[in-house]
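Some notes on the structure that comes next.
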Amino acid sequence: QWIMDQTQSSTGLLQTLKLLKQIAPSIDPNDADTLSTTLVSFAKTTTANIRQAALEAIEALYGEDTTSEVFNEIFKSNLSKLVPANLDRMELVGALKACRWLVSKGHPLALKNVAQIVTFVQDEVIKHYMVEIQETQEWSDVPYECIIWEQGIKLIRAYAEYTAKEYQRTHTAGEKGPPSNVLIKMIDFLTSSLQKVAQKTEGITASYKLCQCFKAIIKLACYGPARACIKPAKYMLLLGLVTMDGVAESRAEMREAVYKYLRRGLLPLTYAPLLILCVVDSDKKNATSARQQLGHIVHYYESRIVSI
C-alpha cells in the first residue's frame, strides 16, 4: 500500500523503488511474489526511469534467478512493444531498456528471442534513424531520435557483452577457440553504423550517434573475445573519430570512456593511443583533461610495476 501511495508523484515513486531495491534482501521470501505483482505493473510503464527502477527492485528481490514467471511476464510485455508503429514513441525507449536488461542477465526467454530483438533494432531503429531527422544546438538537449538510437546501440552492446562473457566462461584461460560469430556480427554492425553516419551527416545529432557507437565498441574491447574481432581497420576508425569528430562534447565523452576502462585496467594499453591523441585536442579543456588523465594512467601502471 505504501508503494501505491507514492504513485501520485513520479519522483516519490522513483525514490521508493530505489529504497525497495536496497531493503529487498531483508524482505521475507514469502512476500516477494506478492510484492513483485505490484512491481511488475511499474515495469510495464511508459516512463523509462520508473520501468528501470522497478526492474532493478525485482532483481534485488529474486537475486540472480531470472527464471521466475515474473520475468517472463515483464519480457513478453516489453517485447510486444518492439514494433515499427512505436518508433516515434517514448514507450519504445522503456521497452528497449527492459529487453536490454533481461538480455544482459541471460534471461532464458530473452535469449530465446534475442534474434528477433536484434533484428528489430538493426532494421527498424538504427536504419530508420541513420540520417538525422532533426538537428539540435545543444549537446544536453538532443532530439528523441538520439535517445532511441542510444538505447538500440546499448542493446546491441549488451547482447555482445553477454556473449563475450559466456565465451570467457566456457573457454579456459589461454585457450584459443574459434571466434564468436555473434561478436563478429555485432562489432561489424557497430562499426558499419559508425561509418555510415560519419559519411552521410555532421552536426550535434550525428556526433551523438557516433559517440554511442564508439562507447559501445570501447566497452566491448574490455573483453578478449570481443577485442579479437576489432581488427586494425576498425581500430584506426576509432583513432580517427576520437580526434576528428566535429563536436567537442562528443570527443570528451569518447575520451572519458577510454580513460575509465584504461584506469580500471580493463582496457589493454594497446588502446592508450586513443587517449594520447586527445592531448592535442583543438578544445583546450579537452586537451587539458586528456593530459591529466594520461598522467593518472602512467601513475597507475607505475604503481603496479613497483608492487610486483
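Ligands are numbered from 1 in the order shown, residues from 1 within each chain, and chains are lettered A, B, ... in the order they appear in the C-alpha cells.
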Near-region 191-196 of chain A list (9 Å; only C-alpha atoms; drop same-chain fewer than 4 positions) as a PyMOL selection string:
chain A and resi 126-127+130-131+186-187+200-201+209-214+217+234+237-238
Contact residues around region 251-255 of chain A with only C-alpha atoms at 9 Å, ignoring same-chain residues under 4 positions, as a CSV table (one decimal) with N, CA, C and O atoms, in the first residue's frame:
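New file part38.csv:
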chain,number,residue,atom,x,y,z
A,207,SER,N,27.0,13.5,-34.3
A,207,SER,CA,28.0,13.2,-33.4
A,207,SER,C,27.6,12.4,-32.2
A,207,SER,O,28.3,11.5,-31.7
A,211,CYS,N,29.1,8.9,-31.2
A,211,CYS,CA,29.6,8.7,-29.8
A,211,CYS,C,29.1,7.4,-29.2
A,211,CYS,O,29.8,6.7,-28.5
A,212,GLN,N,27.8,7.1,-29.4
A,212,GLN,CA,27.2,5.9,-28.8
A,212,GLN,C,27.8,4.7,-29.4
A,212,GLN,O,28.1,3.7,-28.6
A,214,PHE,N,30.9,4.5,-30.7
A,214,PHE,CA,32.2,4.4,-30.2
A,214,PHE,C,32.3,3.9,-28.8
A,214,PHE,O,33.1,3.0,-28.5
A,215,LYS,N,31.5,4.4,-27.9
A,215,LYS,CA,31.5,3.9,-26.5
A,215,LYS,C,31.1,2.4,-26.4
A,215,LYS,O,31.6,1.7,-25.5
A,218,ILE,N,34.2,0.4,-27.4
A,218,ILE,CA,35.3,0.5,-26.4
A,218,ILE,C,34.9,-0.4,-25.2
A,218,ILE,O,35.8,-1.1,-24.6
A,241,LEU,N,38.1,8.9,-35.1
A,241,LEU,CA,36.9,9.5,-34.6
A,241,LEU,C,37.2,10.3,-33.3
A,241,LEU,O,36.6,11.4,-33.1
A,242,VAL,N,38.0,9.8,-32.4
A,242,VAL,CA,38.3,10.5,-31.1
A,242,VAL,C,39.0,11.8,-31.3
A,242,VAL,O,39.0,12.6,-30.4
A,243,THR,N,39.6,12.0,-32.4
A,243,THR,CA,40.3,13.3,-32.7
A,243,THR,C,39.7,14.2,-33.7
A,243,THR,O,39.8,15.4,-33.6
A,244,MET,N,38.9,13.6,-34.6
A,244,MET,CA,38.4,14.4,-35.7
A,244,MET,C,36.9,14.7,-35.7
A,244,MET,O,36.4,15.5,-36.5
A,245,ASP,N,36.2,14.1,-34.7
A,245,ASP,CA,34.7,14.4,-34.6
A,245,ASP,C,34.6,15.9,-34.4
A,245,ASP,O,35.4,16.5,-33.6
A,246,GLY,N,33.6,16.5,-35.0
A,246,GLY,CA,33.5,18.0,-35.0
A,246,GLY,C,32.9,18.6,-33.8
A,246,GLY,O,32.8,19.8,-33.7
A,247,VAL,N,32.4,17.8,-32.8
A,247,VAL,CA,31.8,18.3,-31.6
A,247,VAL,C,32.6,18.0,-30.4
A,247,VAL,O,32.9,16.8,-30.1
A,259,TYR,N,39.4,6.5,-21.0
A,259,TYR,CA,40.1,6.7,-19.7
A,259,TYR,C,39.5,5.8,-18.6
A,259,TYR,O,40.3,5.2,-17.9
A,260,LYS,N,38.2,5.7,-18.5
A,260,LYS,CA,37.6,4.9,-17.5
A,260,LYS,C,38.0,3.5,-17.5
A,260,LYS,O,38.4,2.9,-16.5
A,274,LEU,N,44.4,6.1,-28.1
A,274,LEU,CA,43.1,6.8,-28.2
A,274,LEU,C,43.1,7.9,-27.2
A,274,LEU,O,42.4,8.9,-27.4
A,275,LEU,N,43.7,7.8,-26.0
A,275,LEU,CA,43.8,8.8,-25.0
A,275,LEU,C,44.9,9.8,-25.3
A,275,LEU,O,44.8,11.0,-25.2
A,278,CYS,N,44.2,12.6,-27.7
A,278,CYS,CA,43.4,13.6,-27.2
A,278,CYS,C,44.1,14.8,-26.5
A,278,CYS,O,43.6,15.9,-26.3
A,281,ASP,N,43.9,17.8,-28.6
A,281,ASP,CA,42.5,18.2,-29.0
A,281,ASP,C,42.5,19.7,-29.2
A,281,ASP,O,43.1,20.5,-28.5
A,286,ASN,N,39.4,20.0,-23.3
A,286,ASN,CA,39.5,18.6,-23.6
A,286,ASN,C,41.0,18.2,-23.5
A,286,ASN,O,41.4,17.1,-23.0
A,289,SER,N,42.3,18.0,-19.9
A,289,SER,CA,41.7,16.9,-19.2
A,289,SER,C,42.5,15.6,-19.7
A,289,SER,O,42.8,14.7,-18.9
A,290,ALA,N,42.8,15.5,-21.0
A,290,ALA,CA,43.5,14.4,-21.5
A,290,ALA,C,44.9,14.2,-20.9
A,290,ALA,O,45.3,13.1,-20.6
Region 52-57 of chain A: which residues within 9 Å, counting only C-alpha atoms, same-chain residues fewer than 3 positions away excluded, as a list of chain:residue names?
A:Leu14, A:Gln15, A:Leu17, A:Lys18, A:Leu19, A:Leu20, A:Lys21, A:Gln22, A:Ala24, A:Ser36, A:Leu39, A:Val40, A:Ser41, A:Phe42, A:Ala43, A:Lys44, A:Thr47, A:Ala48, A:Asn49, A:Ala60, A:Leu61, A:Tyr62, A:Phe71, A:Ile74, A:Gly94, A:Lys97, A:Ala98, A:Trp101
Residues from last step as file, N, CA and C atoms, as an mmCIF file, in the first residue's frame:
data_model
loop_
_atom_site.group_PDB
_atom_site.id
_atom_site.type_symbol
_atom_site.label_atom_id
_atom_site.label_comp_id
_atom_site.auth_asym_id
_atom_site.auth_seq_id
_atom_site.Cartn_x
_atom_site.Cartn_y
_atom_site.Cartn_z
ATOM 1 N N LEU A 14 9.860 6.933 -7.787
ATOM 2 C CA LEU A 14 11.219 6.545 -8.160
ATOM 3 C C LEU A 14 12.085 6.345 -6.919
ATOM 4 N N GLN A 15 11.969 7.250 -5.974
ATOM 5 C CA GLN A 15 12.744 7.139 -4.730
ATOM 6 C C GLN A 15 12.324 5.911 -3.928
ATOM 7 N N LEU A 17 11.044 3.102 -5.141
ATOM 8 C CA LEU A 17 11.532 1.897 -5.814
ATOM 9 C C LEU A 17 13.025 1.687 -5.541
ATOM 10 N N LYS A 18 13.777 2.777 -5.502
ATOM 11 C CA LYS A 18 15.204 2.673 -5.212
ATOM 12 C C LYS A 18 15.432 2.203 -3.769
ATOM 13 N N LEU A 19 14.597 2.711 -2.866
ATOM 14 C CA LEU A 19 14.687 2.282 -1.471
ATOM 15 C C LEU A 19 14.349 0.797 -1.345
ATOM 16 N N LEU A 20 13.334 0.382 -2.087
ATOM 17 C CA LEU A 20 12.920 -1.017 -2.051
ATOM 18 C C LEU A 20 14.044 -1.926 -2.530
ATOM 19 N N LYS A 21 14.776 -1.466 -3.529
ATOM 20 C CA LYS A 21 15.917 -2.241 -4.023
ATOM 21 C C LYS A 21 16.937 -2.466 -2.905
ATOM 22 N N GLN A 22 17.139 -1.439 -2.083
ATOM 23 C CA GLN A 22 18.125 -1.524 -1.010
ATOM 24 C C GLN A 22 17.694 -2.483 0.100
ATOM 25 N N ALA A 24 15.495 -4.955 -0.206
ATOM 26 C CA ALA A 24 14.996 -6.230 -0.742
ATOM 27 C C ALA A 24 15.578 -7.467 -0.042
ATOM 28 N N SER A 36 6.118 -8.447 -5.894
ATOM 29 C CA SER A 36 6.538 -8.372 -7.295
ATOM 30 C C SER A 36 5.359 -8.129 -8.228
ATOM 31 N N LEU A 39 5.185 -4.539 -8.496
ATOM 32 C CA LEU A 39 6.351 -4.025 -9.206
ATOM 33 C C LEU A 39 6.264 -4.297 -10.710
ATOM 34 N N VAL A 40 5.681 -5.430 -11.078
ATOM 35 C CA VAL A 40 5.548 -5.769 -12.496
ATOM 36 C C VAL A 40 4.737 -4.698 -13.223
ATOM 37 N N SER A 41 3.711 -4.177 -12.579
ATOM 38 C CA SER A 41 2.889 -3.134 -13.219
ATOM 39 C C SER A 41 3.728 -1.898 -13.516
ATOM 40 N N PHE A 42 4.688 -1.585 -12.633
ATOM 41 C CA PHE A 42 5.576 -0.443 -12.868
ATOM 42 C C PHE A 42 6.615 -0.767 -13.927
ATOM 43 N N ALA A 43 6.982 -2.037 -14.033
ATOM 44 C CA ALA A 43 7.970 -2.456 -15.029
ATOM 45 C C ALA A 43 7.395 -2.443 -16.443
ATOM 46 N N LYS A 44 6.113 -2.149 -16.554
ATOM 47 C CA LYS A 44 5.461 -2.064 -17.869
ATOM 48 C C LYS A 44 5.093 -0.629 -18.226
ATOM 49 N N THR A 47 7.231 5.231 -18.672
ATOM 50 C CA THR A 47 8.309 6.064 -18.153
ATOM 51 C C THR A 47 9.561 5.217 -17.960
ATOM 52 N N ALA A 48 10.602 5.512 -18.733
ATOM 53 C CA ALA A 48 11.789 4.660 -18.771
ATOM 54 C C ALA A 48 12.471 4.525 -17.415
ATOM 55 N N ASN A 49 12.618 5.635 -16.662
ATOM 56 C CA ASN A 49 13.353 5.535 -15.396
ATOM 57 C C ASN A 49 12.562 4.764 -14.334
ATOM 58 N N ALA A 60 16.545 -7.376 -7.271
ATOM 59 C CA ALA A 60 17.038 -7.433 -5.888
ATOM 60 C C ALA A 60 16.227 -8.429 -5.059
ATOM 61 N N LEU A 61 14.947 -8.558 -5.377
ATOM 62 C CA LEU A 61 14.086 -9.493 -4.648
ATOM 63 C C LEU A 61 14.431 -10.949 -4.971
ATOM 64 N N TYR A 62 14.746 -11.196 -6.245
ATOM 65 C CA TYR A 62 14.957 -12.572 -6.693
ATOM 66 C C TYR A 62 16.431 -12.953 -6.860
ATOM 67 N N PHE A 71 9.576 -12.539 -14.482
ATOM 68 C CA PHE A 71 10.439 -12.003 -15.530
ATOM 69 C C PHE A 71 9.894 -12.349 -16.921
ATOM 70 N N ILE A 74 7.224 -9.778 -17.652
ATOM 71 C CA ILE A 74 7.826 -8.478 -17.970
ATOM 72 C C ILE A 74 8.382 -8.498 -19.391
ATOM 73 N N GLY A 94 11.607 2.750 -23.064
ATOM 74 C CA GLY A 94 11.495 1.889 -21.891
ATOM 75 C C GLY A 94 11.514 0.416 -22.252
ATOM 76 N N LYS A 97 15.037 -0.633 -23.023
ATOM 77 C CA LYS A 97 15.810 -0.705 -21.785
ATOM 78 C C LYS A 97 15.519 -2.014 -21.049
ATOM 79 N N ALA A 98 14.241 -2.353 -20.971
ATOM 80 C CA ALA A 98 13.854 -3.575 -20.259
ATOM 81 C C ALA A 98 14.407 -4.810 -20.950
ATOM 82 N N TRP A 101 18.142 -5.084 -20.424
ATOM 83 C CA TRP A 101 18.450 -5.531 -19.069
ATOM 84 C C TRP A 101 18.278 -7.042 -18.937
#
Using only C-alpha atoms, find the one residue out of A:Tyr144, A:Tyr223, A:Trp149, A:Tyr235 that sits nearest to Leu96 (chain A).
A:Trp149
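Minimum distance to His171 (chain A) across A:Gly224, A:Glu302, A:Pro273, A:Phe120 (counting only C-alpha atoms) occurs at A:Gly224.
Counting only C-alpha atoms and comparing A:Glu138, A:Glu150, A:Glu59, A:Asp28, the residue that lies closest to Glu249 (chain A) is A:Glu138.
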For Asp141 (chain A), which residue among A:Cys229, A:Leu35, A:Ile204, A:Met236 is the nearest when counting only C-alpha atoms?
A:Ile204
Can you check which residues of region 116-150 of chain A DSSP gives as helix (DSSP H, G or I) on the backbone and send them as a PyMOL selection string?
chain A and resi 116-128+139-141+144-150
Would you write out those residues with N, CA, C and O atoms, as a short mmCIF file (atom, residue, chain, number, x, y, z; two decimals), in the first residue's frame?
data_model
loop_
_atom_site.label_atom_id
_atom_site.label_comp_id
_atom_site.auth_asym_id
_atom_site.auth_seq_id
_atom_site.Cartn_x
_atom_site.Cartn_y
_atom_site.Cartn_z
N GLN A 116 15.18 -11.92 -32.75
CA GLN A 116 14.06 -11.05 -33.14
C GLN A 116 14.29 -9.62 -32.64
O GLN A 116 14.05 -8.64 -33.37
N ILE A 117 14.78 -9.50 -31.42
CA ILE A 117 15.03 -8.18 -30.82
C ILE A 117 16.13 -7.45 -31.58
O ILE A 117 15.99 -6.28 -31.95
N VAL A 118 17.24 -8.14 -31.83
CA VAL A 118 18.38 -7.54 -32.52
C VAL A 118 17.99 -7.13 -33.94
O VAL A 118 18.36 -6.05 -34.42
N THR A 119 17.23 -7.97 -34.61
CA THR A 119 16.79 -7.65 -35.97
C THR A 119 15.93 -6.39 -35.98
O THR A 119 16.07 -5.53 -36.86
N PHE A 120 15.05 -6.26 -35.00
CA PHE A 120 14.21 -5.06 -34.90
C PHE A 120 15.08 -3.82 -34.70
O PHE A 120 14.87 -2.79 -35.36
N VAL A 121 16.05 -3.92 -33.80
CA VAL A 121 16.92 -2.77 -33.53
C VAL A 121 17.71 -2.39 -34.77
O VAL A 121 17.79 -1.21 -35.14
N GLN A 122 18.28 -3.38 -35.44
CA GLN A 122 19.12 -3.10 -36.60
C GLN A 122 18.31 -2.59 -37.80
O GLN A 122 18.67 -1.58 -38.42
N ASP A 123 17.22 -3.29 -38.12
CA ASP A 123 16.46 -2.99 -39.34
C ASP A 123 15.45 -1.86 -39.19
O ASP A 123 15.10 -1.20 -40.17
N GLU A 124 14.98 -1.64 -37.97
CA GLU A 124 13.97 -0.61 -37.77
C GLU A 124 14.53 0.64 -37.08
O GLU A 124 14.49 1.73 -37.64
N VAL A 125 15.10 0.46 -35.90
CA VAL A 125 15.56 1.62 -35.13
C VAL A 125 16.78 2.29 -35.76
O VAL A 125 16.74 3.46 -36.14
N ILE A 126 17.88 1.55 -35.90
CA ILE A 126 19.12 2.14 -36.37
C ILE A 126 19.02 2.56 -37.84
O ILE A 126 19.45 3.66 -38.22
N LYS A 127 18.46 1.70 -38.65
CA LYS A 127 18.34 2.03 -40.08
C LYS A 127 17.43 3.24 -40.28
O LYS A 127 17.72 4.12 -41.11
N HIS A 128 16.36 3.31 -39.51
CA HIS A 128 15.40 4.41 -39.64
C HIS A 128 16.04 5.75 -39.27
O HIS A 128 15.78 6.78 -39.91
N TRP A 139 24.21 19.92 -26.91
CA TRP A 139 24.54 18.52 -26.64
C TRP A 139 23.65 17.95 -25.55
O TRP A 139 23.30 16.78 -25.56
N SER A 140 23.27 18.80 -24.61
CA SER A 140 22.46 18.35 -23.48
C SER A 140 20.97 18.29 -23.82
O SER A 140 20.16 17.92 -22.97
N ASP A 141 20.61 18.66 -25.03
CA ASP A 141 19.20 18.68 -25.42
C ASP A 141 19.02 18.04 -26.80
O ASP A 141 18.50 18.65 -27.72
N TYR A 144 14.66 13.20 -29.76
CA TYR A 144 14.23 11.83 -29.43
C TYR A 144 14.99 10.78 -30.22
O TYR A 144 15.35 9.73 -29.68
N GLU A 145 15.27 11.06 -31.48
CA GLU A 145 15.92 10.04 -32.31
C GLU A 145 17.29 9.65 -31.76
O GLU A 145 17.74 8.51 -31.92
N CYS A 146 17.96 10.58 -31.07
CA CYS A 146 19.25 10.27 -30.46
C CYS A 146 19.07 9.34 -29.26
O CYS A 146 19.87 8.44 -29.03
N ILE A 147 18.01 9.58 -28.50
CA ILE A 147 17.74 8.77 -27.31
C ILE A 147 17.40 7.34 -27.71
O ILE A 147 17.91 6.38 -27.12
N ILE A 148 16.56 7.20 -28.73
CA ILE A 148 16.16 5.85 -29.15
C ILE A 148 17.34 5.14 -29.84
O ILE A 148 17.52 3.92 -29.70
N TRP A 149 18.16 5.90 -30.57
CA TRP A 149 19.37 5.35 -31.18
C TRP A 149 20.30 4.81 -30.08
O TRP A 149 20.82 3.70 -30.18
N GLU A 150 20.49 5.61 -29.04
CA GLU A 150 21.36 5.22 -27.93
C GLU A 150 20.90 3.92 -27.29
O GLU A 150 21.71 3.03 -27.01
#
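Of the listed residues (A:Ser250, A:Gln151, A:Thr170, A:Ser303), A:Ser250 comes nearest to Gly203 (chain A); the distances count only C-alpha atoms.
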Surrounding residues of Tyr271 (chain A) excluding itself and chain neighbours under 4 positions, 8 Å, only C-alpha atoms, as a PyMOL selection string
chain A and resi 258+262+267+275
d(CA of Thr11 (chain A), CA of Leu79 (chain A)) in Å:
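Result for CA of Thr11 (chain A) versus CA of Leu79 (chain A): 26.4 Å, one decimal.
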